[in-house]
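work.txt (compact mmCIF, C-alpha atoms and all ligand atoms)
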```txt
# COMPACT_ATOMS: atom_id res chain seq x y z
CA MET A 1 0.00 0.00 0.00
CA ALA A 2 1.33 3.43 -0.94
CA LYS A 3 2.21 5.65 1.98
CA GLN A 4 -0.63 8.03 2.79
CA LYS A 5 0.01 11.74 2.73
CA LEU A 6 -1.76 14.12 5.06
CA LYS A 7 -3.88 16.84 3.56
CA GLU A 8 -5.48 18.23 6.69
CA HIS A 9 -6.95 17.64 10.13
CA ARG A 10 -10.54 18.60 9.46
CA ILE A 11 -11.94 19.87 12.74
CA ASN A 12 -15.59 20.63 13.36
CA ARG A 13 -15.37 23.48 15.85
CA GLU A 14 -19.11 23.47 16.42
CA TRP A 15 -19.00 19.88 17.62
CA CYS A 16 -15.66 19.85 19.50
CA LYS A 17 -16.16 20.14 23.27
CA GLY A 18 -12.47 20.46 24.11
CA CYS A 19 -12.31 17.25 26.18
CA GLU A 20 -8.59 16.86 25.25
CA ILE A 21 -8.80 13.11 24.62
CA CYS A 22 -7.30 13.52 21.13
CA VAL A 23 -4.60 15.86 22.43
CA GLU A 24 -3.50 13.50 25.21
CA PHE A 25 -3.52 10.28 23.23
CA CYS A 26 -1.88 11.56 20.03
CA PRO A 27 1.43 9.66 19.95
CA LYS A 28 3.16 12.55 18.16
CA ASN A 29 1.81 15.50 20.13
CA VAL A 30 0.32 17.10 17.02
CA LEU A 31 -2.82 18.56 18.58
CA ALA A 32 -3.56 21.27 21.15
CA ILE A 33 -6.51 23.13 22.65
CA ASP A 34 -6.74 26.78 21.64
CA LYS A 35 -7.95 29.84 23.57
CA GLN A 36 -11.56 29.10 22.66
CA GLY A 37 -11.26 25.60 24.12
CA LYS A 38 -11.32 23.83 20.75
CA VAL A 39 -8.77 21.48 19.23
CA VAL A 40 -6.28 22.68 16.61
CA ALA A 41 -3.56 20.85 14.70
CA LEU A 42 -0.49 22.69 15.94
CA ARG A 43 2.20 20.46 14.40
CA PRO A 44 0.53 18.74 11.41
CA GLU A 45 3.95 17.96 9.90
CA ASP A 46 4.52 15.44 12.73
CA CYS A 47 1.28 13.53 12.04
CA ILE A 48 1.78 9.84 11.21
CA ILE A 49 -1.87 9.33 10.15
CA CYS A 50 -2.58 6.74 12.83
CA LYS A 51 -6.07 8.31 13.07
CA MET A 52 -6.29 7.63 16.80
CA CYS A 53 -7.68 11.14 17.34
CA GLU A 54 -10.41 10.45 14.83
CA GLN A 55 -11.27 7.09 16.36
CA ARG A 56 -11.24 8.27 19.99
CA CYS A 57 -13.19 11.50 19.50
CA PRO A 58 -16.50 11.23 21.40
CA ASP A 59 -17.92 14.09 19.34
CA LEU A 60 -17.01 12.91 15.81
CA ALA A 61 -15.36 16.30 15.49
CA ILE A 62 -12.01 15.41 13.94
CA GLU A 63 -11.24 13.76 10.64
CA ILE A 64 -7.91 13.03 9.02
CA ILE A 65 -8.02 13.91 5.35
CA THR A 66 -5.34 12.34 3.14
CA GLU A 67 -4.32 13.11 -0.41
CA MET B 1 -19.28 5.30 3.31
CA ALA B 2 -18.03 8.06 5.58
CA VAL B 3 -18.87 8.39 9.27
CA LYS B 4 -21.19 11.30 8.44
CA ASP B 5 -23.35 8.99 6.33
CA PHE B 6 -24.31 7.03 9.44
CA ILE B 7 -25.47 9.92 11.61
CA ARG B 8 -28.34 12.36 11.81
CA GLU B 9 -26.31 15.55 11.61
CA ARG B 10 -29.25 17.72 12.53
CA PHE B 11 -28.99 16.48 16.14
CA PHE B 12 -25.29 17.36 16.49
CA PRO B 13 -23.46 18.44 18.54
CA HIS B 14 -24.83 15.66 20.73
CA LEU B 15 -25.94 16.13 24.34
CA TRP B 16 -23.27 13.96 25.99
CA CYS B 17 -20.87 15.77 28.33
CA PRO B 18 -17.33 16.65 27.19
CA GLY B 19 -15.24 13.46 27.22
CA CYS B 20 -18.18 11.08 27.80
CA GLY B 21 -17.22 7.55 26.75
CA HIS B 22 -20.59 6.96 25.10
CA GLY B 23 -19.48 9.10 22.15
CA ILE B 24 -16.42 6.90 21.69
CA VAL B 25 -18.64 3.83 21.66
CA MET B 26 -20.85 5.45 19.03
CA ASN B 27 -17.79 6.37 16.98
CA ASN B 28 -16.55 2.79 16.90
CA MET B 29 -19.96 1.26 16.44
CA ILE B 30 -20.11 3.24 13.20
CA ARG B 31 -16.64 2.03 12.21
CA ALA B 32 -17.60 -1.58 12.90
CA ILE B 33 -20.70 -1.33 10.73
CA GLU B 34 -18.80 0.52 8.01
CA LYS B 35 -16.19 -2.26 7.99
CA LEU B 36 -18.86 -4.95 7.73
CA GLY B 37 -20.43 -3.16 4.79
CA VAL B 38 -23.95 -3.95 6.02
CA SER B 39 -26.59 -1.72 4.47
CA LYS B 40 -28.07 0.86 6.84
CA ASN B 41 -31.46 -0.48 5.83
CA ASP B 42 -30.64 -3.88 7.28
CA ILE B 43 -29.88 -2.57 10.75
CA VAL B 44 -32.36 -1.93 13.52
CA MET B 45 -31.03 -0.23 16.62
CA VAL B 46 -33.18 -0.49 19.74
CA SER B 47 -32.47 1.34 22.99
CA GLY B 48 -34.13 1.94 26.36
CA ILE B 49 -33.58 5.05 28.46
CA GLY B 50 -30.37 6.66 29.72
CA CYS B 51 -27.56 8.84 28.40
CA SER B 52 -26.31 5.77 26.53
CA SER B 53 -29.73 5.06 25.06
CA ARG B 54 -29.76 8.48 23.39
CA ILE B 55 -27.50 6.94 20.76
CA THR B 56 -30.48 5.73 18.73
CA GLY B 57 -31.43 9.34 18.06
CA TYR B 58 -28.02 10.11 16.60
CA LEU B 59 -27.56 7.11 14.33
CA ASP B 60 -29.28 6.85 10.98
CA PHE B 61 -30.52 3.25 11.01
CA HIS B 62 -34.01 2.04 11.68
CA THR B 63 -34.17 3.09 15.33
CA LEU B 64 -36.45 2.56 18.30
CA HIS B 65 -35.97 4.57 21.49
CA THR B 66 -38.18 2.63 23.88
CA ILE B 67 -38.61 2.37 27.68
CA HIS B 68 -36.15 1.93 30.48
CA GLY B 69 -34.90 -1.63 30.84
CA ARG B 70 -37.13 -3.07 28.16
CA ALA B 71 -35.09 -2.57 25.00
CA LEU B 72 -34.33 -6.29 24.73
CA ALA B 73 -38.04 -7.13 24.81
CA PHE B 74 -38.72 -4.72 21.93
CA ALA B 75 -35.67 -6.03 20.11
CA THR B 76 -36.86 -9.61 20.53
CA GLY B 77 -40.16 -8.65 18.91
CA VAL B 78 -38.41 -6.96 15.98
CA LYS B 79 -36.08 -9.90 15.43
CA MET B 80 -38.85 -12.50 15.64
CA SER B 81 -40.88 -10.69 13.00
CA ARG B 82 -37.92 -9.75 10.74
CA PRO B 83 -35.16 -12.29 11.44
CA GLU B 84 -33.21 -11.21 8.35
CA LEU B 85 -32.36 -7.84 9.94
CA ASN B 86 -29.41 -7.13 12.24
CA VAL B 87 -30.72 -5.96 15.59
CA ILE B 88 -28.32 -4.04 17.84
CA ILE B 89 -29.18 -2.89 21.36
CA PRO B 90 -26.93 -0.27 22.96
CA MET B 91 -27.67 -0.14 26.69
CA GLY B 92 -26.52 1.54 29.88
CA ASP B 93 -25.43 -0.63 32.80
CA GLY B 94 -28.53 0.41 34.73
CA ASP B 95 -30.78 -0.10 31.75
CA ALA B 96 -29.26 -3.53 31.05
CA LEU B 97 -28.76 -4.92 34.53
CA SER B 98 -30.89 -3.24 37.16
CA ILE B 99 -34.36 -2.53 35.77
CA GLY B 100 -33.57 -4.62 32.69
CA GLY B 101 -31.74 -7.47 34.42
CA ASN B 102 -34.55 -9.95 33.98
CA HIS B 103 -34.94 -9.25 30.27
CA PHE B 104 -31.18 -9.51 29.94
CA ILE B 105 -30.76 -12.99 31.40
CA HIS B 106 -33.73 -14.39 29.51
CA ALA B 107 -32.67 -12.96 26.16
CA ALA B 108 -29.30 -14.61 26.79
CA ARG B 109 -30.93 -17.88 27.76
CA ARG B 110 -32.93 -17.96 24.53
CA ASN B 111 -29.86 -17.30 22.45
CA ILE B 112 -31.79 -15.05 20.10
CA ASP B 113 -29.57 -13.58 17.37
CA ILE B 114 -29.31 -9.97 18.57
CA THR B 115 -26.36 -7.88 19.77
CA ALA B 116 -26.40 -6.21 23.20
CA ILE B 117 -23.76 -3.53 23.74
CA VAL B 118 -23.48 -2.70 27.45
CA MET B 119 -22.00 0.79 27.76
CA ASN B 120 -20.76 0.34 31.31
CA ASN B 121 -20.01 3.61 33.12
CA ARG B 122 -20.88 2.02 36.50
CA ILE B 123 -23.44 4.69 37.33
CA TYR B 124 -26.79 6.20 36.34
CA GLY B 125 -25.58 9.16 34.29
CA MET B 126 -28.88 10.51 33.07
CA THR B 127 -30.58 10.81 36.45
CA GLY B 128 -27.65 12.31 38.34
CA GLY B 129 -25.18 9.69 39.52
CA GLN B 130 -27.08 7.03 41.48
CA TYR B 131 -25.19 3.75 41.93
CA SER B 132 -25.93 0.85 39.60
CA PRO B 133 -25.46 -2.93 39.90
CA LEU B 134 -22.08 -2.39 38.25
CA SER B 135 -20.80 0.29 40.63
CA GLY B 136 -19.48 -2.19 43.16
CA PHE B 137 -18.33 -2.14 46.77
CA GLY B 138 -16.70 1.03 48.05
CA ILE B 139 -17.92 3.29 45.24
CA ASN B 140 -19.29 6.77 45.86
CA ALA B 141 -22.58 7.76 44.25
CA THR B 142 -25.39 10.23 44.88
CA THR B 143 -27.31 7.41 46.57
CA ALA B 144 -24.21 6.11 48.40
CA PRO B 145 -22.68 9.17 50.06
CA TYR B 146 -20.79 6.89 52.52
CA THR B 147 -19.88 4.42 49.72
CA SER B 148 -21.79 1.48 48.35
CA ILE B 149 -21.83 -1.84 50.22
CA ASP B 150 -23.38 -3.69 47.25
CA ASN B 151 -21.13 -5.92 45.21
CA ASP B 152 -21.18 -5.59 41.43
CA PHE B 153 -22.03 -8.08 38.73
CA ASP B 154 -19.34 -9.32 36.41
CA VAL B 155 -21.13 -8.76 33.07
CA VAL B 156 -19.00 -11.33 31.29
CA LYS B 157 -19.53 -14.14 33.79
CA LEU B 158 -23.21 -13.29 34.19
CA SER B 159 -23.81 -13.36 30.43
CA ILE B 160 -21.98 -16.65 29.95
CA ALA B 161 -23.87 -18.26 32.84
CA ALA B 162 -27.19 -16.99 31.46
CA GLY B 163 -26.49 -18.61 28.09
CA ALA B 164 -25.14 -15.90 25.76
CA SER B 165 -23.14 -17.54 22.99
CA PHE B 166 -20.82 -14.58 22.26
CA VAL B 167 -19.43 -12.57 25.17
CA ALA B 168 -16.67 -9.96 25.06
CA ARG B 169 -15.27 -7.00 26.96
CA THR B 170 -13.30 -3.95 25.87
CA THR B 171 -12.85 -0.29 26.81
CA THR B 172 -12.91 3.20 25.32
CA TYR B 173 -9.11 3.24 25.36
CA HIS B 174 -8.91 0.12 23.16
CA VAL B 175 -10.75 1.55 20.16
CA LYS B 176 -9.35 -0.76 17.49
CA GLN B 177 -10.31 -3.78 19.59
CA MET B 178 -13.72 -2.20 20.22
CA ALA B 179 -14.54 -1.78 16.52
CA ASP B 180 -13.28 -5.29 15.79
CA ILE B 181 -15.26 -6.94 18.62
CA ILE B 182 -18.48 -5.08 17.76
CA ALA B 183 -18.15 -6.27 14.15
CA GLN B 184 -17.65 -9.88 15.27
CA ALA B 185 -20.56 -9.64 17.70
CA ILE B 186 -22.87 -8.44 14.91
CA LEU B 187 -21.77 -11.30 12.66
CA HIS B 188 -22.27 -13.90 15.39
CA LYS B 189 -25.47 -15.92 15.02
CA GLY B 190 -26.82 -15.95 18.55
CA PHE B 191 -27.15 -13.68 21.57
CA SER B 192 -24.03 -11.50 21.75
CA VAL B 193 -22.97 -9.32 24.66
CA VAL B 194 -20.20 -6.75 24.42
CA GLU B 195 -19.35 -4.95 27.64
CA ILE B 196 -17.58 -1.68 26.95
CA MET B 197 -16.06 0.15 29.91
CA SER B 198 -17.08 3.73 29.20
CA GLN B 199 -16.20 6.76 31.32
CA CYS B 200 -18.76 9.11 32.86
CA PRO B 201 -16.45 11.92 33.99
CA THR B 202 -19.38 14.02 35.17
CA TYR B 203 -20.69 11.65 37.85
CA PHE B 204 -18.63 8.51 38.30
CA GLY B 205 -15.34 10.30 37.73
CA ARG B 206 -16.09 13.31 39.89
CA LYS B 207 -17.63 11.37 42.77
CA ASN B 208 -14.84 8.84 42.88
CA LYS B 209 -11.96 11.28 42.33
CA GLN B 210 -10.93 9.51 39.15
CA GLY B 211 -10.03 12.73 37.37
CA ASN B 212 -11.13 13.87 33.93
CA ALA B 213 -12.01 11.82 30.86
CA VAL B 214 -8.35 11.46 29.86
CA GLU B 215 -7.37 10.10 33.27
CA MET B 216 -10.32 7.72 33.30
CA ILE B 217 -9.43 6.35 29.86
CA ASN B 218 -5.86 5.97 31.00
CA SER B 219 -7.08 3.92 33.96
CA TYR B 220 -8.68 1.49 31.48
CA ARG B 221 -5.30 1.12 29.81
CA ILE B 222 -3.57 0.46 33.12
CA ASN B 223 -6.19 -1.69 34.85
CA THR B 224 -7.07 -4.09 32.03
CA THR B 225 -5.18 -6.82 30.23
CA PRO B 226 -5.81 -9.23 27.34
CA LYS B 227 -7.69 -12.36 28.36
CA GLY B 228 -5.41 -15.07 29.75
CA SER B 229 -2.32 -12.84 29.77
CA LYS B 230 0.73 -13.40 31.93
CA ALA B 231 0.04 -10.05 33.56
CA LYS B 232 -3.32 -11.37 34.81
CA LYS B 233 -1.62 -14.31 36.53
CA GLU B 234 0.80 -11.96 38.23
CA ASN B 235 -1.86 -9.39 39.14
CA PRO B 236 -5.33 -10.96 39.55
CA SER B 237 -6.96 -7.56 40.11
CA LEU B 238 -6.52 -6.67 36.43
CA ILE B 239 -9.73 -6.79 34.36
CA GLU B 240 -9.55 -9.02 31.30
CA ARG B 241 -10.44 -7.84 27.80
CA GLY B 242 -11.22 -9.85 24.68
CA ILE B 243 -13.70 -12.47 23.51
CA PHE B 244 -14.58 -14.91 26.29
CA ILE B 245 -16.99 -17.20 24.50
CA GLN B 246 -17.95 -17.61 20.83
CA GLU B 247 -19.99 -20.72 20.18
CA GLU B 248 -22.50 -21.82 17.56
CA ARG B 249 -25.67 -22.97 19.31
CA ALA B 250 -29.34 -23.44 18.41
CA GLU B 251 -30.76 -19.98 17.71
CA TYR B 252 -34.20 -18.90 18.87
CA CYS B 253 -35.74 -17.60 15.60
CA LYS B 254 -34.54 -20.66 13.70
CA GLU B 255 -36.00 -22.97 16.33
CA TYR B 256 -39.25 -21.03 16.27
CA ASP B 257 -39.45 -21.50 12.49
CA LYS B 258 -39.15 -25.24 13.00
CA ILE B 259 -42.02 -25.14 15.50
CA ILE B 260 -44.19 -23.28 12.98
CA GLN B 261 -43.36 -25.88 10.35
CA ARG B 262 -44.20 -28.74 12.70
CA ALA B 263 -47.42 -27.12 13.85
CA THR B 264 -48.65 -26.32 10.36
CA LYS B 265 -47.68 -29.62 8.73
CA GLY B 266 -50.61 -30.91 6.74
CA ASN B 267 -52.71 -27.79 7.39
CA LYS B 268 -53.27 -26.27 3.99
C1 LIG A 301 -39.38 2.90 34.45
C2 LIG A 301 -38.36 3.93 34.69
N1 LIG A 301 -37.70 3.95 35.88
C3 LIG A 301 -36.75 4.88 36.11
C4 LIG A 301 -36.44 5.82 35.18
C5 LIG A 301 -35.40 6.85 35.46
N2 LIG A 301 -34.15 6.61 34.78
C6 LIG A 301 -33.88 7.18 33.59
S1 LIG A 301 -32.38 6.77 32.99
C7 LIG A 301 -32.05 5.82 34.35
C8 LIG A 301 -30.74 5.09 34.53
C9 LIG A 301 -29.69 5.48 33.58
O1 LIG A 301 -28.50 4.77 33.83
P1 LIG A 301 -27.85 3.80 32.78
O2 LIG A 301 -28.85 2.88 32.22
O3 LIG A 301 -26.68 3.16 33.43
O4 LIG A 301 -27.40 4.75 31.59
P2 LIG A 301 -26.42 6.03 31.54
O5 LIG A 301 -27.32 7.22 31.70
O6 LIG A 301 -25.44 5.93 32.67
O7 LIG A 301 -25.80 5.96 30.22
C10 LIG A 301 -33.13 5.83 35.24
C11 LIG A 301 -33.14 5.11 36.54
C12 LIG A 301 -37.14 5.75 33.93
N3 LIG A 301 -36.86 6.61 32.93
N4 LIG A 301 -38.09 4.83 33.73
S1 LIG A 302 -23.80 12.30 32.68
FE1 LIG A 302 -22.13 10.86 32.36
S2 LIG A 302 -22.99 9.31 30.98
FE2 LIG A 302 -24.33 11.11 30.86
S3 LIG A 302 -23.54 12.29 29.11
FE3 LIG A 302 -22.55 13.09 30.97
S4 LIG A 302 -20.62 11.95 31.10
FE4 LIG A 302 -21.94 10.83 29.71
```
Show the structure stored in the file as structure tokens.
Amino acid sequence: MAKQKLKEHRINREWCKGCEICVEFCPKNVLAIDKQGKVVALRPEDCIICKMCEQRCPDLAIEIITE
Amino acid sequence: MAVKDFIRERFFPHLWCPGCGHGIVMNNMIRAIEKLGVSKNDIVMVSGIGCSSRITGYLDFHTLHTIHGRALAFATGVKMSRPELNVIIPMGDGDALSIGGNHFIHAARRNIDITAIVMNNRIYGMTGGQYSPLSGFGINATTAPYTSIDNDFDVVKLSIAAGASFVARTTTYHVKQMADIIAQAILHKGFSVVEIMSQCPTYFGRKNKQGNAVEMINSYRINTTPKGSKAKKENPSLIERGIFIQEERAEYCKEYDKIIQRATKGNK
């Protein structure tokens, strides 16, 4: 399988409740909570596309989009 | 299909608290069904009452949001009349095992081909943190301000003893395992029970000083182990995860069909 390339972390700010589960369990420390209490991809270049944030989000608010 | 194709977006954001494990269960229920490639039209989801039971409002299958503790009775009716459909019953621990305990053991005993998902947060979330039959000894709850002296059920042992032919346990930390087990439970022809340890940070977590959602999920990582592991032998207090029983046995709808055939033989 060809290596996947990250396009973006698509975040639904309306749905995100800032619980920090994705931030804490990201193995590469890519995500953070911003001043409004919502998740942002701070270091997308470090993302290894494991999609654990997507799969652990209780709010279905984060999606990894690949090219 | 994408995750969005399985939900009713008009009801989002959902009502669950920040970090509630029930959302993680919903997330991976969708992934399991997506992986199986079952048509949405062939799935009936039946729930009772509770925070967990709200899931049927959010998912875009045929859904029934029924009464507290009685989801399995409704589900049995649906399955008996339309045995070709996949019937899935997400339930809270209170819904499944206090008010619904009797329905639970008898559905298991019949081995009817439906899938019960017990979203076990060890408390009544919806009504404000009363203890449940899964809270256990020493747990704080609204109704146990000096801690509970009731022991808890072991969902896995109870289900096996009652006659369920597929029984598994996982947690909201182990999401890959969760999606995989839910998929296998749906495929299994017989009564399937999947216990999913799911955090309620708002009541169980706060009352028992277990920290926020992240800390509670982390405790599932630390306090559980794969079934039959070496770690379990060294530390018996660890909770085992995995599939505990998976057996082909006579299924209720199939047996009922045979009865109809016998009873109507010769009656034209
Ligand atoms: C017949 C009946 N009795 C009691 C209630 C009140 N009630 C609503 S939800 C609930 C328990 C919810 O706990 P659980 O099933 O564990 O689900 P959770 O909210 O924790 O997900 C109770 C007792 C009810 N709705 N109907
Ligand atoms: S009260 Fe508990 S179970 Fe109910 S939504 Fe909040 S965290 Fe979830």
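Proximity to range 28-42 of chain A at 8 Å, evaluated using all atoms listed in the file and with sequence-adjacent residues fewer than 3 positions away removed, yields A:His9, A:Ile11, A:Arg13, A:Cys16, A:Lys17, A:Gly18, A:Glu20, A:Cys22, A:Val23, A:Glu24, A:Asp46, A:Cys47, A:Ile48.
Going from CA of Glu215 in chain B to CA of Pro18 in chain B covers 13.4 Å.
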Residues of chain B at most 6 Å from ligand LIG 302 (chain A): nearest atom pair and distance in Å, only C-alpha atoms and all ligand atoms, as CSV:
```
residue,atom,partner,partner_atom,distance
B:Trp16,CA,A:LIG302,S3,3.5
B:Cys17,CA,A:LIG302,FE3,4.1
B:Cys20,CA,A:LIG302,S4,4.2
B:Cys51,CA,A:LIG302,FE2,4.7
B:Gly125,CA,A:LIG302,S1,4.0
B:Met126,CA,A:LIG302,FE2,5.1
B:Cys200,CA,A:LIG302,S4,3.8
B:Pro201,CA,A:LIG302,S4,5.1
B:Thr202,CA,A:LIG302,S4,4.7
B:Tyr203,CA,A:LIG302,FE1,5.7
```
Can I get the residues close to ligand LIG 301 (chain A) as a PyMOL selection string, where close means within 8 Å and we count only C-alpha atoms and all ligand atoms?
chain B and resi 22+48-53+67-69+91-96+99+119-127+129+132+200
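One finds CA of Asn86 in chain B at 9.5 Å from CA of Asn41 in chain B.
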For chain B versus chain A, which residues have an atom no more than 10 Å away, and what is each residue's nearest atom pair and distance in Å rounded to one decimal, using all atoms listed in the file, chain-then-number order, as a Markdown table?
```
| residue | atom | partner | partner_atom | distance |
| --- | --- | --- | --- | --- |
| B:Val3 | CA | A:Leu60 | CA | 8.2 |
| B:Lys4 | CA | A:Leu60 | CA | 8.6 |
| B:Ile7 | CA | A:Leu60 | CA | 9.9 |
| B:Phe12 | CA | A:Trp15 | CA | 6.9 |
| B:Pro13 | CA | A:Trp15 | CA | 4.8 |
| B:His14 | CA | A:Asp59 | CA | 7.2 |
| B:Leu15 | CA | A:Asp59 | CA | 9.7 |
| B:Trp16 | CA | A:Asp59 | CA | 8.5 |
| B:Cys17 | CA | A:Lys17 | CA | 8.2 |
| B:Pro18 | CA | A:Cys19 | CA | 5.2 |
| B:Gly19 | CA | A:Cys19 | CA | 4.9 |
| B:Cys20 | CA | A:Pro58 | CA | 6.6 |
| B:Gly21 | CA | A:Pro58 | CA | 6.5 |
| B:His22 | CA | A:Pro58 | CA | 7.0 |
| B:Gly23 | CA | A:Pro58 | CA | 3.7 |
| B:Ile24 | CA | A:Pro58 | CA | 4.3 |
| B:Val25 | CA | A:Pro58 | CA | 7.7 |
| B:Met26 | CA | A:Pro58 | CA | 7.6 |
| B:Asn27 | CA | A:Gln55 | CA | 6.6 |
| B:Asn28 | CA | A:Gln55 | CA | 6.8 |
| B:Arg31 | CA | A:Gln55 | CA | 8.5 |
| B:Thr172 | CA | A:Arg56 | CA | 7.5 |
| B:Tyr173 | CA | A:Arg56 | CA | 7.7 |
| B:His174 | CA | A:Arg56 | CA | 9.0 |
| B:Val175 | CA | A:Gln55 | CA | 6.7 |
| B:Lys176 | CA | A:Gln55 | CA | 8.2 |
| B:Ala179 | CA | A:Gln55 | CA | 9.5 |
| B:Asn212 | CA | A:Cys19 | CA | 8.5 |
| B:Ala213 | CA | A:Ile21 | CA | 7.1 |
| B:Val214 | CA | A:Ile21 | CA | 5.5 |
| B:Glu215 | CA | A:Ile21 | CA | 9.3 |
| B:Ile217 | CA | A:Ile21 | CA | 8.6 |
| B:Asn218 | CA | A:Phe25 | CA | 9.2 |
```
Separation of CA of Asp180 in chain B from CA of Pro226 in chain B in Å
14.3 Å
Option closest in space to Ile65 in chain A, from A:Pro27, A:Cys53, A:Glu8, A:Pro44 [counting only C-alpha atoms]:
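For Ile65 in chain A, the nearest of the candidates is A:Glu8.
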Give me the residues near Phe244 in chain B as a list in words, where near means some atom within 8 Å (using only C-alpha atoms) and where sequence neighbours in that chain fewer than 5 positions away do not count.
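What passes the distance filter is Val156, Phe166, Val167, Ala168, Arg169 and Lys227 of chain B.
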Have a look at B:Tyr58, B:Tyr131, B:Phe137, B:Phe6 and name the one nearest to Ser39 in chain B; count all atoms listed in the file.
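Result for the nearest residue to Ser39 in chain B: B:Phe6.
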Pick from B:Ile181, B:Val193, B:Ile55, B:Ile114 nearest to Ala164 in chain B, counting only C-alpha atoms:
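Among the listed residues, B:Val193 lies closest to Ala164 in chain B.
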In the coordinates of the file, take the point (-17.4, 5.7, 48.7) and a cut-off of 12 Å; then, counting only C-alpha atoms, name each qualifying protein, DNA or RNA residue as a PDB file with C-alpha atoms, keeping the file's coordinate frame.
```
ATOM      1  CA  TYR B 131     -25.190   3.750  41.930  1.00  0.00           C
ATOM      2  CA  SER B 135     -20.800   0.290  40.630  1.00  0.00           C
ATOM      3  CA  GLY B 136     -19.480  -2.190  43.160  1.00  0.00           C
ATOM      4  CA  PHE B 137     -18.330  -2.140  46.770  1.00  0.00           C
ATOM      5  CA  GLY B 138     -16.700   1.030  48.050  1.00  0.00           C
ATOM      6  CA  ILE B 139     -17.920   3.290  45.240  1.00  0.00           C
ATOM      7  CA  ASN B 140     -19.290   6.770  45.860  1.00  0.00           C
ATOM      8  CA  ALA B 141     -22.580   7.760  44.250  1.00  0.00           C
ATOM      9  CA  THR B 142     -25.390  10.230  44.880  1.00  0.00           C
ATOM     10  CA  THR B 143     -27.310   7.410  46.570  1.00  0.00           C
ATOM     11  CA  ALA B 144     -24.210   6.110  48.400  1.00  0.00           C
ATOM     12  CA  PRO B 145     -22.680   9.170  50.060  1.00  0.00           C
ATOM     13  CA  TYR B 146     -20.790   6.890  52.520  1.00  0.00           C
ATOM     14  CA  THR B 147     -19.880   4.420  49.720  1.00  0.00           C
ATOM     15  CA  SER B 148     -21.790   1.480  48.350  1.00  0.00           C
ATOM     16  CA  ILE B 149     -21.830  -1.840  50.220  1.00  0.00           C
ATOM     17  CA  ASP B 150     -23.380  -3.690  47.250  1.00  0.00           C
ATOM     18  CA  PHE B 204     -18.630   8.510  38.300  1.00  0.00           C
ATOM     19  CA  ARG B 206     -16.090  13.310  39.890  1.00  0.00           C
ATOM     20  CA  LYS B 207     -17.630  11.370  42.770  1.00  0.00           C
ATOM     21  CA  ASN B 208     -14.840   8.840  42.880  1.00  0.00           C
ATOM     22  CA  LYS B 209     -11.960  11.280  42.330  1.00  0.00           C
TER      23      LYS B 209
END
```
